[in-house]
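Peer 1: This structure is in structure tokens; I'll ask about it shortly.
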Amino acid sequence: MFDYATLRVIWWALLGTLLIGFAIMDGFDFGVAGLLKVLGRDNEERLVLIEGIEPTWEGNQTWFILGGGATFAAWPMLYAVSFSGMYLAIFLVLLAFILRPVGFNFRGKIHDPRWASLWDWVLTASGVVVMLISGIAFGNLFLGLPFRFDDDLRMSWQGGLLDLLHPFALLAGLVSLSMLLAHGACWAALKADHLIAARAVRMARWLTLLYAALYVLAGIWLAYGIPGFAIAGAVASEGVSNPLYKQVAQGGSWFASYMQYPWFWSAPLLALAAAVGVQALVGRRSVAGFIASSLMVGGTIASAGFALFPFLLPSSLDPRSSLTVWDASSSRGTLLLMLGVTVVLLPIILLYTGWVYRVMRGRVTLEQLRKAHGGY
């Protein structure tokens, strides 16, 4: 059976897979919500966009729940430090999650344009907040977060929400925002009425260009302007989960892992190639355009995870306290048990999700909407 080190790497890869699944599946409906007032010129058109995501958004959040559950069970120290230290940021994200179903449900309760517009803005804000804060959080991982452990592994955190708004973190937030808005526009190009889809195609192309420029800029900044972390000395890949048993050196490159594992370069190359694919495909073959934007999202997140490896949560206060793949996991037995459960349940989730999207395939047109609402 798998040894402890292999199980840790497997669960690092599974955590990344769940994050990518969340970004792809929930990212497009956040993207559509963020573009609601831009792509929809009137109440009827915005309702078409909402109908394109409302039946499936709740199911898409399965990936968010799986990611949180996997972090809690497989990486308890990562869960404890990040959720405690970034409490206000996570609170804002959860508030956006809470407001989204309220917006969907309340929007049609009163047939008044001002009422509908209010909830359209709520949906737009909820989408933008999640996309932006998620990127800012990723950016702060490369800067190091202000926490440390004492000798009894009691964690302390210095700073608040505003301290997370470093210029590089804000750039990472803009990368996330432009990327997921482009992903949402690709979904609208696939799902919405042809009149709205034409606007979505143009928007997807512009946003993809913006994403590519910001992504390359972030990579250059990361390579030349932000010192990386590295484990000093031998790596105890099968040791106990205590981050204080290692030494960490700061000052190298975050791309050192790319030099050690050259195949890591496939992730950023995939992200940029997929961005080119969106430009070429979104207006001609909508399904292929959406697949390209999904690969763009997956490649971007994978490239960040590869650059961080083996770090999960670097510490700017005490680099030795940084959490890594080798010292922040649950026990071998827990990881093995969870892997067995995942092998059984994940294919079921994938099959069910595929079946739902097959049933819900096809565009939501203005004509269908008018018939359904009796000439809305």
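Chain labels follow the order of the structure tokens: the first chain is A, the next B, and so on; residue numbering restarts at 1 in every chain, and ligands are counted from 1 in their shown order.
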From a DSSP calculation on the backbone, collect every residue of region 18-178 of chain A in helix (DSSP H, G or I) and output the set as a ChimeraX atom specification.
Peer 2: /A:18-25,27-34,36-39,43-53,57-60,62-74,76-85,87-106,113-143,161-164,167-178
Peer 1: I'd like the neighbourhood of Trp187 (chain A) as a VMD selection string, where a residue qualifies if any of its atoms comes within 12 Å (using only C-alpha atoms), though same-chain residues fewer than 6 positions away should be ignored.
Peer 2: chain A and resid 24 to 33 35 39 49 to 50 52 to 53 180 to 181 193 196 to 201 203 to 204 278 282 to 283 285 to 294 361 to 364
Peer 1: Need the shell around Gly59 (chain A): protein/DNA/RNA residues with any atom at most 12 Å away, counting only C-alpha atoms. Skip same-chain ones fewer than 5 positions apart. Format as an NGL selection string?
Peer 2: :A and (22 or 25-26 or 29 or 53-54 or 64-66 or 349-350 or 352-354 or 356-357)
Peer 1: Please produce an output containing all heavy atoms for each residue in the selection, written as a CSV table (one decimal), in the first residue's frame.
Peer 2:
chain,number,residue,atom,x,y,z
A,22,PHE,N,-13.6,23.5,-8.2
A,22,PHE,CA,-14.4,24.6,-7.7
A,22,PHE,C,-14.3,25.8,-8.6
A,22,PHE,O,-15.3,26.4,-8.9
A,22,PHE,CB,-13.9,24.9,-6.2
A,22,PHE,CG,-14.5,26.2,-5.7
A,22,PHE,CD1,-15.8,26.4,-5.6
A,22,PHE,CD2,-13.6,27.3,-5.4
A,22,PHE,CE1,-16.3,27.6,-5.1
A,22,PHE,CE2,-14.1,28.5,-5.0
A,22,PHE,CZ,-15.5,28.7,-4.8
A,25,MET,N,-16.1,25.0,-12.0
A,25,MET,CA,-17.5,24.7,-11.9
A,25,MET,C,-18.3,25.9,-11.3
A,25,MET,O,-19.4,26.2,-11.7
A,25,MET,CB,-17.8,23.4,-11.2
A,25,MET,CG,-17.2,22.2,-11.8
A,25,MET,SD,-17.7,22.0,-13.6
A,25,MET,CE,-19.5,21.7,-13.4
A,26,ASP,N,-17.8,26.4,-10.2
A,26,ASP,CA,-18.4,27.6,-9.6
A,26,ASP,C,-17.9,28.9,-10.2
A,26,ASP,O,-18.6,29.9,-10.1
A,26,ASP,CB,-18.2,27.5,-8.1
A,26,ASP,CG,-19.5,27.7,-7.3
A,26,ASP,OD1,-20.6,27.7,-7.9
A,26,ASP,OD2,-19.4,27.9,-6.1
A,29,ASP,N,-20.3,30.5,-12.9
A,29,ASP,CA,-21.5,31.2,-12.5
A,29,ASP,C,-21.2,32.5,-11.7
A,29,ASP,O,-21.9,33.4,-11.8
A,29,ASP,CB,-22.5,30.3,-11.8
A,29,ASP,CG,-21.9,29.6,-10.6
A,29,ASP,OD1,-21.4,30.2,-9.7
A,29,ASP,OD2,-22.0,28.3,-10.6
A,53,ILE,N,-27.6,30.0,-15.2
A,53,ILE,CA,-26.8,29.5,-14.1
A,53,ILE,C,-27.6,29.0,-12.9
A,53,ILE,O,-27.1,28.2,-12.1
A,53,ILE,CB,-25.7,30.5,-13.7
A,53,ILE,CG1,-26.4,31.8,-13.2
A,53,ILE,CG2,-24.8,30.8,-14.8
A,53,ILE,CD1,-25.5,32.9,-12.6
A,54,GLU,N,-28.8,29.5,-12.7
A,54,GLU,CA,-29.5,29.3,-11.5
A,54,GLU,C,-29.8,27.8,-11.3
A,54,GLU,O,-29.7,27.3,-10.1
A,54,GLU,CB,-30.9,30.0,-11.5
A,54,GLU,CG,-31.6,30.0,-10.2
A,54,GLU,CD,-32.8,30.9,-10.2
A,54,GLU,OE1,-33.2,31.4,-11.2
A,54,GLU,OE2,-33.4,31.0,-9.1
A,64,PHE,N,-16.8,23.3,-3.6
A,64,PHE,CA,-16.4,24.1,-2.5
A,64,PHE,C,-16.5,23.3,-1.1
A,64,PHE,O,-15.5,23.4,-0.3
A,64,PHE,CB,-17.3,25.4,-2.4
A,64,PHE,CG,-17.0,26.3,-1.3
A,64,PHE,CD1,-15.8,27.1,-1.3
A,64,PHE,CD2,-17.8,26.4,-0.2
A,64,PHE,CE1,-15.6,28.0,-0.3
A,64,PHE,CE2,-17.5,27.2,0.9
A,64,PHE,CZ,-16.4,28.0,0.8
A,65,ILE,N,-17.5,22.6,-1.0
A,65,ILE,CA,-17.7,21.8,0.2
A,65,ILE,C,-16.7,20.7,0.3
A,65,ILE,O,-16.1,20.4,1.4
A,65,ILE,CB,-19.2,21.3,0.3
A,65,ILE,CG1,-20.2,22.4,0.4
A,65,ILE,CG2,-19.3,20.3,1.5
A,65,ILE,CD1,-21.6,22.0,0.1
A,66,LEU,N,-16.4,20.0,-0.8
A,66,LEU,CA,-15.4,19.0,-0.8
A,66,LEU,C,-14.0,19.5,-0.5
A,66,LEU,O,-13.3,18.9,0.2
A,66,LEU,CB,-15.4,18.3,-2.2
A,66,LEU,CG,-16.6,17.4,-2.6
A,66,LEU,CD1,-16.5,17.0,-4.0
A,66,LEU,CD2,-16.6,16.2,-1.6
A,349,ILE,N,-19.8,11.6,-8.1
A,349,ILE,CA,-20.1,13.0,-8.2
A,349,ILE,C,-19.9,13.4,-9.7
A,349,ILE,O,-20.7,14.2,-10.2
A,349,ILE,CB,-19.2,13.8,-7.3
A,349,ILE,CG1,-19.6,13.5,-5.8
A,349,ILE,CG2,-19.3,15.3,-7.5
A,349,ILE,CD1,-18.6,14.0,-4.8
A,350,LEU,N,-18.8,13.0,-10.3
A,350,LEU,CA,-18.5,13.4,-11.7
A,350,LEU,C,-19.6,12.9,-12.6
A,350,LEU,O,-20.0,13.6,-13.5
A,350,LEU,CB,-17.1,12.8,-12.1
A,350,LEU,CG,-15.9,13.5,-11.4
A,350,LEU,CD1,-14.6,12.7,-11.7
A,350,LEU,CD2,-15.8,14.9,-11.8
A,352,TYR,N,-22.7,12.1,-11.9
A,352,TYR,CA,-24.0,12.8,-11.7
A,352,TYR,C,-23.9,14.2,-12.2
A,352,TYR,O,-24.9,14.7,-12.8
A,352,TYR,CB,-24.3,12.8,-10.2
A,352,TYR,CG,-25.5,13.6,-9.8
A,352,TYR,CD1,-26.8,13.1,-10.1
A,352,TYR,CD2,-25.4,14.9,-9.3
A,352,TYR,CE1,-27.9,13.8,-9.8
A,352,TYR,CE2,-26.5,15.6,-9.0
A,352,TYR,CZ,-27.8,15.1,-9.2
A,352,TYR,OH,-28.9,15.8,-9.0
A,353,THR,N,-22.8,14.9,-12.0
A,353,THR,CA,-22.6,16.2,-12.6
A,353,THR,C,-22.7,16.2,-14.1
A,353,THR,O,-23.4,17.1,-14.7
A,353,THR,CB,-21.3,16.8,-12.2
A,353,THR,OG1,-21.2,16.9,-10.7
A,353,THR,CG2,-21.1,18.2,-12.7
A,354,GLY,N,-22.1,15.2,-14.7
A,354,GLY,CA,-22.2,15.1,-16.2
A,354,GLY,C,-23.6,14.9,-16.7
A,354,GLY,O,-24.0,15.5,-17.7
A,356,VAL,N,-26.4,15.8,-15.1
A,356,VAL,CA,-27.2,17.0,-14.9
A,356,VAL,C,-26.9,18.0,-16.1
A,356,VAL,O,-27.9,18.6,-16.6
A,356,VAL,CB,-26.8,17.7,-13.6
A,356,VAL,CG1,-27.4,19.1,-13.5
A,356,VAL,CG2,-27.3,16.9,-12.4
A,357,TYR,N,-25.7,18.2,-16.4
A,357,TYR,CA,-25.4,19.2,-17.5
A,357,TYR,C,-25.8,18.6,-18.9
A,357,TYR,O,-26.2,19.4,-19.7
A,357,TYR,CB,-23.9,19.5,-17.5
A,357,TYR,CG,-23.5,20.5,-16.5
A,357,TYR,CD1,-23.2,20.2,-15.2
A,357,TYR,CD2,-23.7,21.9,-16.8
A,357,TYR,CE1,-22.9,21.2,-14.3
A,357,TYR,CE2,-23.4,22.9,-15.9
A,357,TYR,CZ,-23.0,22.5,-14.6
A,357,TYR,OH,-22.7,23.5,-13.7
Peer 1: Hey, can you check how far CA of Gly40 (chain A) sits from CA of Phe104 (chain A)?
Peer 2: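 Computing the Euclidean distance for CA of Gly40 (chain A) and CA of Phe104 (chain A) yields 15.6 Å.
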Peer 1: Determine the nearest neighbour of Leu269 (chain A) from the options A:Ala96, A:Ala234, A:Leu222, A:Ala212, counting only C-alpha atoms.
Peer 2: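 Of A:Ala96, A:Ala234, A:Leu222, A:Ala212, the one nearest Leu269 (chain A) is A:Ala212, counting only C-alpha atoms.
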Peer 1: Would you kindly return, as a count of residues only, each protein, DNA or RNA residue with an atom no farther than 12 Å from any atom of Leu217 (chain A), considering only C-alpha atoms and excluding same-chain residues fewer than 5 positions away?
Peer 2: 12
Peer 1: Any chance you could tabulate, as JSON lines, the residues of region 97-153 of chain A at most 10 Å from region 83-90 of chain A with each one's nearest atom pair and distance in Å to one decimal, using only C-alpha atoms, in chain and rising number order?
Peer 2:
{"residue": "A:Val129", "atom": "CA", "partner": "A:Ala89", "partner_atom": "CA", "distance": 9.8}
{"residue": "A:Val130", "atom": "CA", "partner": "A:Ile90", "partner_atom": "CA", "distance": 9.3}
{"residue": "A:Ile133", "atom": "CA", "partner": "A:Ala89", "partner_atom": "CA", "distance": 7.1}
{"residue": "A:Ser134", "atom": "CA", "partner": "A:Ala89", "partner_atom": "CA", "distance": 9.1}
{"residue": "A:Ile136", "atom": "CA", "partner": "A:Ala89", "partner_atom": "CA", "distance": 9.6}
{"residue": "A:Ala137", "atom": "CA", "partner": "A:Ala89", "partner_atom": "CA", "distance": 8.5}
{"residue": "A:Leu145", "atom": "CA", "partner": "A:Gly85", "partner_atom": "CA", "distance": 8.6}
{"residue": "A:Pro146", "atom": "CA", "partner": "A:Gly85", "partner_atom": "CA", "distance": 8.4}
{"residue": "A:Phe147", "atom": "CA", "partner": "A:Gly85", "partner_atom": "CA", "distance": 7.7}
Peer 1: Using all heavy atoms, can you write the selected residues to a file as a PDB file, in the first residue's frame?
Peer 2:
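Contents of selection.pdb, freshly written:
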ATOM      1  N   VAL A 129     -16.735  39.802  -5.374  1.00  0.00           N
ATOM      2  CA  VAL A 129     -16.063  39.639  -4.082  1.00  0.00           C
ATOM      3  C   VAL A 129     -15.360  38.292  -3.997  1.00  0.00           C
ATOM      4  O   VAL A 129     -14.185  38.205  -3.609  1.00  0.00           O
ATOM      5  CB  VAL A 129     -17.078  39.797  -2.923  1.00  0.00           C
ATOM      6  CG1 VAL A 129     -16.510  39.249  -1.617  1.00  0.00           C
ATOM      7  CG2 VAL A 129     -17.457  41.256  -2.753  1.00  0.00           C
ATOM      8  N   VAL A 130     -16.043  37.228  -4.367  1.00  0.00           N
ATOM      9  CA  VAL A 130     -15.443  35.891  -4.279  1.00  0.00           C
ATOM     10  C   VAL A 130     -14.255  35.770  -5.220  1.00  0.00           C
ATOM     11  O   VAL A 130     -13.186  35.272  -4.836  1.00  0.00           O
ATOM     12  CB  VAL A 130     -16.486  34.804  -4.586  1.00  0.00           C
ATOM     13  CG1 VAL A 130     -15.827  33.428  -4.649  1.00  0.00           C
ATOM     14  CG2 VAL A 130     -17.575  34.798  -3.525  1.00  0.00           C
ATOM     15  N   ILE A 133     -11.264  38.180  -3.853  1.00  0.00           N
ATOM     16  CA  ILE A 133     -10.648  37.759  -2.602  1.00  0.00           C
ATOM     17  C   ILE A 133      -9.914  36.434  -2.770  1.00  0.00           C
ATOM     18  O   ILE A 133      -8.846  36.224  -2.177  1.00  0.00           O
ATOM     19  CB  ILE A 133     -11.706  37.674  -1.483  1.00  0.00           C
ATOM     20  CG1 ILE A 133     -12.167  39.077  -1.106  1.00  0.00           C
ATOM     21  CG2 ILE A 133     -11.150  36.958  -0.254  1.00  0.00           C
ATOM     22  CD1 ILE A 133     -13.182  39.127   0.015  1.00  0.00           C
ATOM     23  N   SER A 134     -10.439  35.539  -3.586  1.00  0.00           N
ATOM     24  CA  SER A 134      -9.748  34.264  -3.822  1.00  0.00           C
ATOM     25  C   SER A 134      -8.374  34.512  -4.423  1.00  0.00           C
ATOM     26  O   SER A 134      -7.379  33.887  -4.015  1.00  0.00           O
ATOM     27  CB  SER A 134     -10.582  33.384  -4.756  1.00  0.00           C
ATOM     28  OG  SER A 134     -11.828  33.051  -4.174  1.00  0.00           O
ATOM     29  N   ILE A 136      -6.586  37.337  -4.208  1.00  0.00           N
ATOM     30  CA  ILE A 136      -5.762  38.019  -3.212  1.00  0.00           C
ATOM     31  C   ILE A 136      -5.189  37.014  -2.214  1.00  0.00           C
ATOM     32  O   ILE A 136      -4.018  37.116  -1.815  1.00  0.00           O
ATOM     33  CB  ILE A 136      -6.591  39.100  -2.502  1.00  0.00           C
ATOM     34  CG1 ILE A 136      -6.883  40.265  -3.463  1.00  0.00           C
ATOM     35  CG2 ILE A 136      -5.871  39.614  -1.259  1.00  0.00           C
ATOM     36  CD1 ILE A 136      -7.840  41.299  -2.910  1.00  0.00           C
ATOM     37  N   ALA A 137      -6.002  36.041  -1.820  1.00  0.00           N
ATOM     38  CA  ALA A 137      -5.518  35.008  -0.892  1.00  0.00           C
ATOM     39  C   ALA A 137      -4.368  34.223  -1.507  1.00  0.00           C
ATOM     40  O   ALA A 137      -3.349  33.965  -0.852  1.00  0.00           O
ATOM     41  CB  ALA A 137      -6.672  34.080  -0.509  1.00  0.00           C
ATOM     42  N   LEU A 145       2.333  34.530   5.025  1.00  0.00           N
ATOM     43  CA  LEU A 145       1.279  35.051   5.895  1.00  0.00           C
ATOM     44  C   LEU A 145       1.834  35.275   7.304  1.00  0.00           C
ATOM     45  O   LEU A 145       2.713  34.535   7.759  1.00  0.00           O
ATOM     46  CB  LEU A 145       0.105  34.078   5.922  1.00  0.00           C
ATOM     47  CG  LEU A 145      -0.661  34.012   4.591  1.00  0.00           C
ATOM     48  CD1 LEU A 145      -1.591  32.822   4.564  1.00  0.00           C
ATOM     49  CD2 LEU A 145      -1.437  35.285   4.349  1.00  0.00           C
ATOM     50  N   PRO A 146       1.314  36.272   8.023  1.00  0.00           N
ATOM     51  CA  PRO A 146       1.910  36.689   9.306  1.00  0.00           C
ATOM     52  C   PRO A 146       1.483  35.811  10.490  1.00  0.00           C
ATOM     53  O   PRO A 146       0.748  36.248  11.379  1.00  0.00           O
ATOM     54  CB  PRO A 146       1.405  38.124   9.466  1.00  0.00           C
ATOM     55  CG  PRO A 146       0.071  38.119   8.779  1.00  0.00           C
ATOM     56  CD  PRO A 146       0.221  37.188   7.612  1.00  0.00           C
ATOM     57  N   PHE A 147       1.964  34.569  10.520  1.00  0.00           N
ATOM     58  CA  PHE A 147       1.649  33.682  11.644  1.00  0.00           C
ATOM     59  C   PHE A 147       2.929  32.994  12.106  1.00  0.00           C
ATOM     60  O   PHE A 147       3.925  32.921  11.382  1.00  0.00           O
ATOM     61  CB  PHE A 147       0.593  32.644  11.248  1.00  0.00           C
ATOM     62  CG  PHE A 147       1.098  31.567  10.321  1.00  0.00           C
ATOM     63  CD1 PHE A 147       1.566  30.363  10.829  1.00  0.00           C
ATOM     64  CD2 PHE A 147       1.119  31.760   8.937  1.00  0.00           C
ATOM     65  CE1 PHE A 147       2.042  29.371   9.987  1.00  0.00           C
ATOM     66  CE2 PHE A 147       1.583  30.772   8.095  1.00  0.00           C
ATOM     67  CZ  PHE A 147       2.045  29.568   8.605  1.00  0.00           C
TER      68      PHE A 147
END
Peer 1: Compare A:Ala182, A:Leu366, A:Leu95, A:Leu123 by their minimum atom-to-atom distance to Ala274 (chain A), counting only C-alpha atoms, and give me the closest one.
Peer 2: A:Ala182
Peer 1: When you count only C-alpha atoms, which of these residues is closest to Tyr215 (chain A): A:Gln247, A:Thr300, A:His194, A:Tyr258?
Peer 2: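 Once distances to Tyr215 (chain A) are computed over only C-alpha atoms, the minimum belongs to A:Thr300.
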Peer 1: With only C-alpha atoms as the counted atoms, please give the residues lying no more than 10 Å from Ala80 (chain A), apart from itself and same-chain residues fewer than 5 positions off, as number ranges by chain.
Peer 2: A: 71-72, 75, 85, 155
Peer 1: List as number ranges by chain the protein and nucleic acid residues near region 321-328 of chain A, meaning an atom at most 9 Å away when only C-alpha atoms are counted, but skip any in the same chain fewer than 4 places from it.
Peer 2: A: 5, 8-9, 11-12, 74-78, 144-145, 147-150, 235-248, 309-317
Peer 1: Go through A:Ala267, A:Leu369, A:Leu141, A:Ile231 one by one, measure the shortest atom-to-atom distance of each to Gly299 (chain A) using only C-alpha atoms, and give the residue with the smallest value.
Peer 2: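 Comparing A:Ala267, A:Leu369, A:Leu141, A:Ile231 against Gly299 (chain A), the winner is A:Ala267.
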